[in-house]
>>> print(open('work_1.txt').read())   # compact mmCIF, C-alpha atoms
# COMPACT_ATOMS: atom_id res chain seq x y z
CA MET A 1 16.00 -9.75 -12.15
CA SER A 2 17.65 -12.55 -10.25
CA GLU A 3 15.69 -15.39 -8.62
CA THR A 4 18.11 -15.65 -5.66
CA ARG A 5 17.03 -14.54 -2.20
CA ASN A 6 18.93 -13.26 0.79
CA PRO A 7 19.76 -16.42 2.81
CA ALA A 8 19.64 -14.43 6.08
CA LYS A 9 15.91 -13.88 5.64
CA PRO A 10 13.51 -16.69 6.59
CA GLU A 11 11.65 -18.10 3.59
CA SER A 12 8.00 -17.05 3.92
CA GLU A 13 5.32 -19.63 4.22
CA ASN A 14 3.14 -19.42 1.12
CA LEU A 15 -0.55 -18.67 1.59
CA PRO A 16 -3.15 -20.83 -0.18
CA ARG A 17 -4.04 -19.45 -3.61
CA LEU A 18 -7.69 -19.01 -2.59
CA VAL A 19 -6.68 -16.87 0.41
CA VAL A 20 -4.56 -14.63 -1.85
CA LEU A 21 -7.42 -14.21 -4.33
CA LEU A 22 -9.97 -13.59 -1.55
CA HIS A 23 -7.67 -11.01 0.06
CA TRP A 24 -7.57 -8.92 -3.12
CA LEU A 25 -11.27 -9.43 -3.81
CA LEU A 26 -12.01 -8.18 -0.29
CA ALA A 27 -9.67 -5.22 -0.70
CA ALA A 28 -11.30 -4.14 -3.98
CA SER A 29 -14.80 -4.63 -2.55
CA VAL A 30 -14.11 -2.72 0.66
CA PHE A 31 -12.63 0.30 -1.17
CA PHE A 32 -15.57 0.35 -3.59
CA LEU A 33 -18.10 0.06 -0.75
CA PHE A 34 -16.54 3.03 1.08
CA VAL A 35 -16.32 5.26 -2.00
CA SER A 36 -19.78 4.38 -3.32
CA SER A 37 -21.51 4.65 0.07
CA TRP A 38 -20.18 8.19 0.64
CA TRP A 39 -21.62 9.15 -2.76
CA MET A 40 -24.92 7.23 -2.65
CA LEU A 41 -25.95 8.76 0.66
CA SER A 42 -25.98 12.16 -1.07
CA LEU A 43 -28.67 10.97 -3.51
CA PRO A 44 -32.29 12.11 -2.99
CA LEU A 45 -34.29 10.15 -0.41
CA PRO A 46 -36.30 7.35 -2.02
CA SER A 47 -39.92 7.82 -3.04
CA GLU A 48 -42.12 6.76 -5.95
CA GLU A 49 -40.63 9.50 -8.12
CA PHE A 50 -37.07 9.42 -6.85
CA THR A 51 -35.51 6.01 -7.42
CA TYR A 52 -31.86 7.10 -7.68
CA ARG A 53 -30.86 5.10 -4.59
CA GLU A 54 -32.35 1.80 -5.77
CA LEU A 55 -29.43 0.45 -7.85
CA PRO A 56 -26.57 1.73 -5.63
CA PHE A 57 -28.19 0.36 -2.44
CA GLN A 58 -28.96 -3.03 -4.00
CA LEU A 59 -25.39 -3.22 -5.31
CA HIS A 60 -24.04 -2.21 -1.89
CA LYS A 61 -26.04 -4.99 -0.22
CA ASN A 62 -25.08 -7.57 -2.87
CA ILE A 63 -21.37 -6.83 -2.51
CA GLY A 64 -21.71 -6.76 1.29
CA ILE A 65 -23.33 -10.21 1.38
CA THR A 66 -20.71 -11.64 -1.00
CA LEU A 67 -17.98 -10.04 1.10
CA PHE A 68 -19.41 -11.67 4.25
CA VAL A 69 -19.18 -15.12 2.64
CA ALA A 70 -15.62 -14.33 1.50
CA VAL A 71 -14.57 -13.21 5.02
CA ILE A 72 -16.06 -16.34 6.61
CA THR A 73 -14.21 -18.53 4.07
CA MET A 74 -10.95 -16.66 4.60
CA THR A 75 -11.25 -16.76 8.40
CA ALA A 76 -11.93 -20.51 8.32
CA MET A 77 -8.85 -21.02 6.15
CA ARG A 78 -6.57 -18.80 8.22
CA VAL A 79 -7.72 -19.31 11.81
CA ARG A 80 -5.14 -22.02 12.61
CA SER A 81 -2.16 -20.16 11.18
CA LEU A 82 -3.25 -16.93 12.91
CA LEU A 83 -3.55 -18.68 16.28
CA ARG A 84 -0.14 -20.28 15.73
CA GLU A 85 1.36 -16.88 14.88
CA ALA A 86 -0.33 -15.36 17.94
CA SER A 87 1.19 -17.94 20.29
CA SER A 88 4.69 -17.76 18.77
CA SER A 89 4.91 -13.99 18.12
CA GLN A 90 7.63 -12.26 20.13
CA GLY A 91 8.13 -8.64 19.10
CA TRP A 92 5.43 -5.97 19.51
CA LEU A 93 5.27 -5.54 15.72
CA GLN A 94 4.43 -9.21 15.25
CA ARG A 95 1.80 -9.09 17.99
CA LEU A 96 0.32 -5.94 16.44
CA ALA A 97 0.17 -7.65 13.02
CA VAL A 98 -1.72 -10.66 14.41
CA ALA A 99 -4.11 -8.41 16.37
CA ASP A 100 -4.67 -6.25 13.26
CA HIS A 101 -5.64 -9.30 11.18
CA ILE A 102 -7.98 -10.74 13.82
CA LEU A 103 -9.62 -7.33 14.35
CA LEU A 104 -9.92 -6.77 10.59
CA TYR A 105 -11.75 -10.05 10.05
CA THR A 106 -14.00 -9.44 13.07
CA LEU A 107 -14.84 -5.89 12.01
CA LEU A 108 -15.54 -6.93 8.42
CA MET A 109 -18.08 -9.42 9.77
CA VAL A 110 -19.59 -6.86 12.16
CA CYS A 111 -19.90 -4.31 9.31
CA CYS A 112 -21.66 -6.83 7.07
CA LEU A 113 -23.97 -8.14 9.79
CA SER A 114 -24.94 -4.70 11.12
CA GLY A 115 -25.63 -3.56 7.54
CA TYR A 116 -27.84 -6.58 6.92
CA MET A 117 -29.70 -6.09 10.22
CA SER A 118 -30.24 -2.39 9.51
CA SER A 119 -31.54 -3.18 6.02
CA SER A 120 -33.73 -5.93 7.42
CA TYR A 121 -35.40 -3.61 9.94
CA SER A 122 -35.78 -0.83 7.34
CA GLY A 123 -38.52 -2.72 5.54
CA TRP A 124 -36.64 -2.86 2.23
CA THR A 125 -36.22 -6.26 0.60
CA THR A 126 -32.82 -7.74 -0.30
CA THR A 127 -32.36 -9.84 -3.41
CA VAL A 128 -28.82 -11.17 -3.76
CA TRP A 129 -27.52 -10.27 -7.20
CA TRP A 130 -31.14 -9.86 -8.35
CA LEU A 131 -31.59 -13.63 -8.12
CA VAL A 132 -32.26 -14.91 -4.59
CA ASP A 133 -34.53 -13.24 -2.03
CA ILE A 134 -32.99 -12.99 1.45
CA PRO A 135 -35.68 -13.17 4.14
CA ALA A 136 -35.98 -10.11 6.41
CA TRP A 137 -34.95 -10.67 10.02
CA SER A 138 -38.16 -9.15 11.28
CA ALA A 139 -40.90 -6.67 10.47
CA GLU A 140 -40.01 -2.98 9.91
CA ASN A 141 -38.75 -1.31 13.08
CA ASP A 142 -37.41 2.24 12.87
CA ASP A 143 -35.66 2.22 16.26
CA LEU A 144 -33.76 -0.99 15.54
CA ASN A 145 -33.00 0.22 12.02
CA ILE A 146 -31.39 3.37 13.44
CA LEU A 147 -29.52 1.34 16.10
CA PHE A 148 -28.01 -1.07 13.57
CA SER A 149 -27.40 1.74 11.10
CA GLU A 150 -25.31 3.50 13.78
CA ALA A 151 -23.47 0.24 14.53
CA HIS A 152 -22.81 -0.16 10.78
CA LEU A 153 -21.52 3.39 10.49
CA TRP A 154 -19.18 3.28 13.49
CA SER A 155 -17.85 -0.21 12.82
CA CYS A 156 -17.02 0.96 9.28
CA TRP A 157 -15.12 4.00 10.57
CA VAL A 158 -13.06 1.78 12.89
CA LEU A 159 -12.51 -0.62 9.99
CA LEU A 160 -11.17 2.25 7.88
CA GLY A 161 -8.71 3.16 10.66
CA LEU A 162 -7.50 -0.44 10.86
CA LEU A 163 -7.20 -0.61 7.09
CA LEU A 164 -4.89 2.40 7.15
CA LEU A 165 -2.75 0.60 9.73
CA HIS A 166 -2.77 -2.49 7.49
CA ILE A 167 -1.73 -0.42 4.44
CA GLY A 168 1.01 1.29 6.46
CA ALA A 169 2.32 -2.15 7.45
CA ALA A 170 2.24 -3.31 3.81
CA ILE A 171 4.32 -0.29 2.74
CA TYR A 172 6.74 -0.95 5.65
CA HIS A 173 7.24 -4.57 4.53
CA GLY A 174 7.42 -3.51 0.86
CA ILE A 175 10.26 -1.08 1.54
CA GLY A 176 11.97 -3.59 3.87
CA ASN A 177 11.65 -6.36 1.25
CA ASP A 178 11.42 -8.95 4.04
CA GLY A 179 9.31 -11.43 2.10
CA ALA A 180 6.04 -10.64 3.91
CA ILE A 181 4.64 -8.82 0.87
CA ASP A 182 5.54 -11.67 -1.48
CA LYS A 183 3.21 -14.02 0.44
CA ILE A 184 0.10 -12.07 -0.52
CA PHE A 185 1.17 -11.76 -4.18
CA ARG A 186 2.14 -15.40 -4.78
CA LEU A 187 -0.35 -17.43 -6.80
CA ARG A 188 1.76 -20.58 -6.84
CA MET B 1 23.59 -5.53 -2.38
CA LYS B 2 22.64 -3.69 -5.56
CA ASN B 3 20.32 -6.55 -6.49
CA GLU B 4 18.67 -6.42 -3.04
CA ILE B 5 17.98 -2.70 -3.45
CA ALA B 6 16.48 -3.31 -6.90
CA LYS B 7 14.20 -6.03 -5.46
CA ALA B 8 13.16 -3.77 -2.58
CA ASN B 9 12.30 -1.06 -5.10
CA VAL B 10 10.16 -3.47 -7.08
CA SER B 11 8.35 -4.74 -3.95
CA TRP B 12 7.63 -1.17 -2.88
CA LEU B 13 6.48 -0.30 -6.40
CA ALA B 14 4.13 -3.30 -6.52
CA VAL B 15 2.55 -2.24 -3.20
CA MET B 16 2.07 1.30 -4.54
CA ILE B 17 0.56 0.07 -7.82
CA MET B 18 -1.78 -2.21 -5.87
CA LEU B 19 -2.82 0.44 -3.33
CA PHE B 20 -3.48 3.22 -5.83
CA GLY B 21 -4.90 0.67 -8.28
CA LEU B 22 -7.54 -0.44 -5.77
CA LEU B 23 -8.43 3.17 -4.97
CA LEU B 24 -8.66 4.02 -8.68
CA LEU B 25 -10.74 0.92 -9.37
CA ALA B 26 -13.21 2.09 -6.71
CA SER B 27 -13.19 5.60 -8.17
CA HIS B 28 -13.82 4.50 -11.79
CA SER B 29 -16.44 1.94 -10.73
CA ASN B 30 -18.23 4.60 -8.69
CA GLU B 31 -18.15 7.00 -11.65
CA LEU B 32 -19.64 4.26 -13.82
CA LEU B 33 -22.40 3.75 -11.25
CA LYS B 34 -22.95 7.49 -10.96
CA GLN B 35 -23.37 7.99 -14.70
CA THR B 36 -25.67 4.95 -14.91
CA VAL B 37 -27.94 6.21 -12.13
CA ILE B 38 -28.06 9.93 -12.93
CA GLY B 39 -29.41 10.30 -16.42
CA PRO B 40 -31.22 13.08 -18.28
CA GLY B 41 -35.01 12.93 -18.10
CA SER B 42 -35.02 11.52 -14.55
CA SER B 43 -37.19 12.96 -11.76
CA ALA B 44 -34.71 15.62 -10.64
CA ASP B 45 -34.23 16.76 -14.24
CA LEU B 46 -38.00 17.13 -14.65
CA GLY B 47 -38.04 19.58 -11.72
CA MET B 48 -40.01 17.39 -9.30
CA ALA B 49 -39.92 18.53 -5.69
CA ALA B 50 -38.04 16.47 -3.11
CA ASP B 51 -40.08 14.02 -1.06
CA CYS B 52 -38.87 14.67 2.49
CA ARG B 53 -40.92 12.69 5.01
CA ALA B 54 -40.30 13.43 8.69
CA ASP B 55 -39.61 9.77 9.60
CA GLU B 56 -37.06 9.47 6.76
CA LEU B 57 -35.35 12.68 7.86
CA GLU B 58 -35.02 11.36 11.41
CA GLU B 59 -33.75 8.01 10.18
CA GLU B 60 -31.10 9.64 7.97
CA GLN B 61 -30.38 12.43 10.49
CA LEU B 62 -31.02 15.09 7.86
CA SER B 63 -32.53 18.56 7.99
CA LEU B 64 -35.36 19.44 5.60
CA GLU B 65 -33.04 21.81 3.75
CA GLU B 66 -30.40 19.09 3.26
CA CYS B 67 -33.06 16.73 1.93
CA GLN B 68 -34.18 19.32 -0.63
CA LEU B 69 -30.60 20.09 -1.62
CA MET B 70 -30.00 16.42 -2.41
CA VAL B 71 -32.31 16.84 -5.40
CA SER B 72 -30.51 20.07 -6.33
CA ASN B 73 -27.25 18.13 -6.18
CA VAL B 74 -28.50 15.81 -8.92
CA ARG B 75 -29.76 18.78 -10.93
CA ILE B 76 -26.32 20.40 -10.68
CA ILE B 77 -24.77 17.33 -12.34
CA LEU B 78 -27.42 17.21 -15.05
CA SER B 79 -27.52 20.90 -15.89
CA SER B 80 -23.74 21.30 -15.82
CA SER B 81 -23.11 18.31 -18.13
CA PRO B 82 -22.93 18.87 -21.87
CA ARG B 83 -24.89 16.34 -23.98
CA TRP B 84 -21.82 14.30 -24.85
CA TYR B 85 -20.51 14.12 -21.28
CA ARG B 86 -22.48 11.13 -19.94
CA SER B 87 -21.61 8.73 -22.77
CA TYR B 88 -18.01 10.00 -22.72
CA GLN B 89 -17.73 9.36 -18.97
CA LEU B 90 -19.35 5.93 -19.27
CA THR B 91 -16.78 4.94 -21.93
CA LEU B 92 -13.85 6.50 -20.09
CA SER B 93 -14.79 4.89 -16.76
CA SER B 94 -15.15 1.48 -18.42
CA LEU B 95 -11.71 1.95 -19.98
CA GLY B 96 -10.43 3.11 -16.59
CA VAL B 97 -11.74 -0.05 -14.89
CA ALA B 98 -10.09 -2.25 -17.57
CA ALA B 99 -6.77 -0.36 -17.46
CA THR B 100 -6.71 -0.46 -13.65
CA LEU B 101 -7.38 -4.21 -13.57
CA PHE B 102 -4.51 -4.60 -16.05
CA SER B 103 -2.19 -2.61 -13.76
CA LEU B 104 -3.19 -4.82 -10.78
CA VAL B 105 -2.23 -7.93 -12.76
CA ILE B 106 1.09 -6.26 -13.58
CA ALA B 107 1.73 -5.65 -9.85
CA PHE B 108 1.40 -9.42 -9.34
CA GLY B 109 3.88 -9.94 -12.18
CA LEU B 110 6.39 -7.58 -10.57
CA ILE B 111 6.43 -9.49 -7.29
CA ASN B 112 6.54 -12.83 -9.08
CA ARG B 113 9.67 -11.57 -10.90
CA GLN B 114 8.28 -12.03 -14.39
CA SER B 115 10.69 -10.33 -16.74
CA PRO B 116 8.32 -8.34 -19.01
CA ALA B 117 6.44 -6.98 -15.96
CA LEU B 118 8.45 -3.74 -15.68
CA ARG B 119 7.94 -2.93 -19.37
CA LEU B 120 4.23 -3.74 -19.05
CA ALA B 121 4.09 -1.60 -15.90
CA ILE B 122 5.34 1.37 -17.99
CA LEU B 123 2.59 0.67 -20.53
CA SER B 124 -0.20 0.29 -17.94
CA THR B 125 0.84 3.37 -15.94
CA ALA B 126 1.07 5.44 -19.13
CA LEU B 127 -2.41 4.20 -20.07
CA LEU B 128 -3.78 5.26 -16.67
CA LEU B 129 -2.15 8.68 -17.09
CA ILE B 130 -3.71 9.11 -20.54
CA ILE B 131 -7.14 8.22 -19.10
CA ASP B 132 -6.66 10.80 -16.31
CA VAL B 133 -5.71 13.48 -18.84
CA ALA B 134 -8.69 12.56 -21.05
CA GLY B 135 -10.97 12.90 -18.01
CA PHE B 136 -9.38 16.21 -17.08
CA VAL B 137 -9.78 17.66 -20.59
CA ALA B 138 -13.43 16.57 -20.64
CA ALA B 139 -14.11 18.08 -17.22
CA VAL B 140 -12.52 21.38 -18.33
CA ASN B 141 -15.16 21.54 -21.09
CA THR B 142 -18.15 21.18 -18.72
CA GLY B 143 -19.82 23.85 -16.62
CA PRO B 144 -18.17 25.43 -13.55
CA LEU B 145 -20.24 23.34 -11.13
CA LEU B 146 -18.94 20.06 -12.53
CA ARG B 147 -15.43 21.42 -12.92
CA ALA B 148 -15.42 22.15 -9.19
CA GLN B 149 -16.37 18.51 -8.51
CA TYR B 150 -13.90 16.80 -10.84
CA LEU B 151 -10.80 18.86 -11.61
CA TRP B 152 -9.01 18.72 -8.28
CA SER B 153 -9.24 14.94 -7.83
CA LEU B 154 -8.25 14.39 -11.48
CA LEU B 155 -5.20 16.63 -11.05
CA LEU B 156 -4.23 14.59 -8.00
CA TRP B 157 -4.51 11.34 -10.00
CA ILE B 158 -2.44 12.83 -12.84
CA CYS B 159 0.32 13.67 -10.33
CA ILE B 160 0.17 10.20 -8.72
CA HIS B 161 0.37 8.40 -12.08
CA LEU B 162 3.10 10.72 -13.30
CA CYS B 163 5.21 9.92 -10.21
CA MET B 164 4.55 6.21 -10.69
CA LEU B 165 5.42 6.35 -14.40
CA VAL B 166 8.73 8.08 -13.72
CA ALA B 167 9.50 5.53 -10.95
CA VAL B 168 8.69 2.55 -13.20
CA ILE B 169 10.82 3.95 -16.05
CA ARG B 170 13.75 4.61 -13.68
CA PHE B 171 13.55 1.13 -12.08
CA GLY B 172 13.37 -0.35 -15.58
CA GLN B 173 16.56 1.49 -16.56
CA GLN B 174 18.30 0.25 -13.37
CA GLY B 175 17.16 -3.30 -14.11
CA ASP B 176 18.54 -3.09 -17.67
CA MET B 177 21.87 -1.79 -16.37
CA ASP B 178 22.09 -4.55 -13.69
CA SER B 179 21.38 -7.38 -16.16
>>> encode(input="work_1.txt", output="structure tokens")
Amino acid sequence: MSETRNPAKPESENLPRLVVLLHWLLAASVFFLFVSSWWMLSLPLPSEEFTYRELPFQLHKNIGITLFVAVITMTAMRVRSLLREASSSQGWLQRLAVADHILLYTLLMVCCLSGYMSSSYSGWTTTVWWLVDIPAWSAENDDLNILFSEAHLWSCWVLLGLLLLHIGAAIYHGIGNDGAIDKIFRLR
Amino acid sequence: MKNEIAKANVSWLAVMIMLFGLLLLASHSNELLKQTVIGPGSSADLGMAADCRADELEEEQLSLEECQLMVSNVRIILSSSPRWYRSYQLTLSSLGVAATLFSLVIAFGLINRQSPALRLAILSTALLLIIDVAGFVAAVNTGPLLRAQYLWSLLLWICIHLCMLVAVIRFGQQGDMDS
């Protein structure tokens, strides 16, 4: 394959290597969290005898907490370039792309936070990667647990919708070969 | 012009490998988790009755019947699995995770225009297809309840990887002809 590019196309600004790696780590984590959560909620309710949910739920929380840190890091690294893109974007597709990214980051944070709050009010303890205990927000409270559980559920459904939009856009740019896809695959 | 089309094909292919790779990674990882959690000799296998407390049912928005059937769901998996199935699935899922990670690395190679990437993409996609077929053959040899859970999704993955394999081979041939 040749290294030459079409001179008519603007050369894409490369993303920092950490942002590229975090993007794919987030993508893998989010897909796993969706698939595993649909399955783990079909497991028997927890009791002294039935402990099937223990490992999947702890894993879900561990990945969720790690994901939250990753999203915060990524947002901090990208906030300036996103704001710049937002102010300079002209076409509706560009504006939609910026809005999609901002909404994706926001929703990822909302999903993680609502999940943590729900878990906190459920009375179950959280130990990050079986190493560090995370303090509960408050004592057990069923009403608040249900409220945050609902917020977690609905924010995740909206996130899934936005992800599909994001994937559709990736395929659009992939077929168009406009250099946008290359940015998120470049590790140099 | 011809070169531009070839590059567009490769970009599109990399996106497809990445998208399906991430979905497959989630699927194999979940299977690994499933087989780790649901083992013979656990509470459901010993015939213990479901513990369905009213407050838990309200919290989970479940009916009593659904709560009881959750235990039956686990028993279905255990009673429909032959003895060899759990260790086979654990090995196959681990291989699946490794092969999928390999294919994701290859997708990076395709975009970064590394010359052996297309040949390696043929290898990794063929490997994924073999793993799908191995999973399908194993599922065929389980009971009807497990077959109903696994066969359809495995057939779908076989078709996806077959399409991808043919595409990678064809793009490879075009690349050889262009160079």
>>> residues_around(input="work_1.txt", residues="Leu41 of chain A", least_positions_apart="4", cutoff="10 Å", atoms="all atoms listed in the file", output="list in words")
Ser36, Ser37, Leu45, Arg53, Pro56 and Phe57 of chain A; Glu60 and Met70 of chain B
>>> closest_residue(input="work_1.txt", among="A:Ser88, A:Asn177, A:Ser29, A:Thr73", to="chain B", atoms="all atoms listed in the file")
A:Asn177
>>> closest_residue(input="work_1.txt", among="B:Gln174, B:Asn112, B:Ser79, B:Ser153", to="chain A", atoms="only C-alpha atoms")
B:Asn112
>>> interface_residues(input="work_1.txt", of="chain A", to="chain B", cutoff="8 Å", atoms="only C-alpha atoms", output="MDAnalysis selection string")
chainID A and resid 1:3 6 27:28 31:33 35:36 42:47 49:50 52 55:56 142 146 167 170:171 174:177 181:182 185:186
>>> residues_near_point(input="work_1.txt", point="(-34.5, -3.0, 6.5)", cutoff="12 Å", atoms="only C-alpha atoms", output="NGL selection string")
(:A and (57-58 or 61 or 114-126 or 134-149)) or (:B and (59))
>>> closest_residue(input="work_1.txt", among="B:Ile122, B:Leu78, B:Leu128, B:Leu64", to="Gly143 of chain B", atoms="all atoms listed in the file")
B:Leu78
>>> atom_distance(input="work_1.txt", atom1="atom CA of Ala134 of chain B", atom2="atom CA of Phe171 of chain B")
26.6 Å
>>> atom_distance(input="work_1.txt", atom1="atom CA of Trp130 of chain A", atom2="atom CA of Ala98 of chain B")
24.2 Å
>>> decode(input="work_1.txt", residues="segment 15-86 of chain B", atoms="C-alpha atoms", output="short mmCIF file (atom, residue, chain, number, x, y, z; two decimals), in the first residue's frame")
data_model
loop_
_atom_site.label_atom_id
_atom_site.label_comp_id
_atom_site.auth_asym_id
_atom_site.auth_seq_id
_atom_site.Cartn_x
_atom_site.Cartn_y
_atom_site.Cartn_z
CA VAL B 15 -13.68 -0.33 11.41
CA MET B 16 -15.60 -3.59 10.86
CA ILE B 17 -12.86 -5.70 12.47
CA MET B 18 -12.78 -3.31 15.43
CA LEU B 19 -16.57 -3.14 15.86
CA PHE B 20 -17.20 -6.88 15.63
CA GLY B 21 -13.99 -7.54 17.55
CA LEU B 22 -15.19 -5.48 20.51
CA LEU B 23 -18.58 -7.20 20.46
CA LEU B 24 -16.93 -10.62 20.25
CA LEU B 25 -14.51 -9.74 23.05
CA ALA B 26 -17.51 -8.89 25.25
CA SER B 27 -19.24 -12.11 24.22
CA HIS B 28 -16.23 -14.38 24.94
CA SER B 29 -15.43 -12.57 28.20
CA ASN B 30 -19.03 -12.96 29.32
CA GLU B 31 -18.98 -16.67 28.45
CA LEU B 32 -15.80 -17.01 30.51
CA LEU B 33 -17.51 -15.29 33.42
CA LYS B 34 -20.62 -17.41 32.97
CA GLN B 35 -18.71 -20.70 33.06
CA THR B 36 -16.69 -19.51 36.07
CA VAL B 37 -19.79 -18.58 38.06
CA ILE B 38 -22.12 -21.45 37.14
CA GLY B 39 -20.44 -24.66 38.17
CA PRO B 40 -21.68 -28.13 39.08
CA GLY B 41 -22.35 -28.68 42.78
CA SER B 42 -23.52 -25.09 43.34
CA SER B 43 -26.75 -24.24 45.19
CA ALA B 44 -29.04 -24.45 42.15
CA ASP B 45 -27.54 -27.82 41.20
CA LEU B 46 -28.23 -29.14 44.72
CA GLY B 47 -31.93 -28.34 44.25
CA MET B 48 -32.15 -25.56 46.85
CA ALA B 49 -35.27 -23.43 46.64
CA ALA B 50 -35.01 -19.81 45.51
CA ASP B 51 -34.81 -17.17 48.23
CA CYS B 52 -37.33 -14.57 47.07
CA ARG B 53 -37.78 -11.86 49.70
CA ALA B 54 -40.55 -9.32 49.09
CA ASP B 55 -38.24 -6.29 49.45
CA GLU B 56 -35.77 -7.77 46.93
CA LEU B 57 -38.59 -8.50 44.49
CA GLU B 58 -39.77 -4.89 44.70
CA GLU B 59 -36.24 -3.58 44.31
CA GLU B 60 -35.61 -5.72 41.21
CA GLN B 61 -39.18 -5.28 39.90
CA LEU B 62 -39.65 -9.04 39.68
CA SER B 63 -42.62 -11.33 40.21
CA LEU B 64 -42.28 -14.29 42.58
CA GLU B 65 -42.49 -16.66 39.63
CA GLU B 66 -39.67 -14.87 37.78
CA CYS B 67 -37.50 -15.04 40.91
CA GLN B 68 -38.05 -18.80 41.17
CA LEU B 69 -37.38 -19.29 37.46
CA MET B 70 -34.00 -17.58 37.82
CA VAL B 71 -32.85 -20.63 39.79
CA SER B 72 -34.38 -22.91 37.15
CA ASN B 73 -32.44 -20.96 34.53
CA VAL B 74 -29.17 -21.95 36.21
CA ARG B 75 -30.37 -25.55 36.53
CA ILE B 76 -31.15 -25.61 32.80
CA ILE B 77 -27.51 -24.74 32.04
CA LEU B 78 -26.17 -27.31 34.49
CA SER B 79 -28.45 -30.19 33.57
CA SER B 80 -28.14 -29.60 29.82
CA SER B 81 -24.31 -29.47 29.89
CA PRO B 82 -22.34 -32.67 29.38
CA ARG B 83 -19.44 -33.19 31.84
CA TRP B 84 -16.81 -32.01 29.37
CA TYR B 85 -18.70 -28.87 28.34
CA ARG B 86 -17.63 -26.45 31.10
#
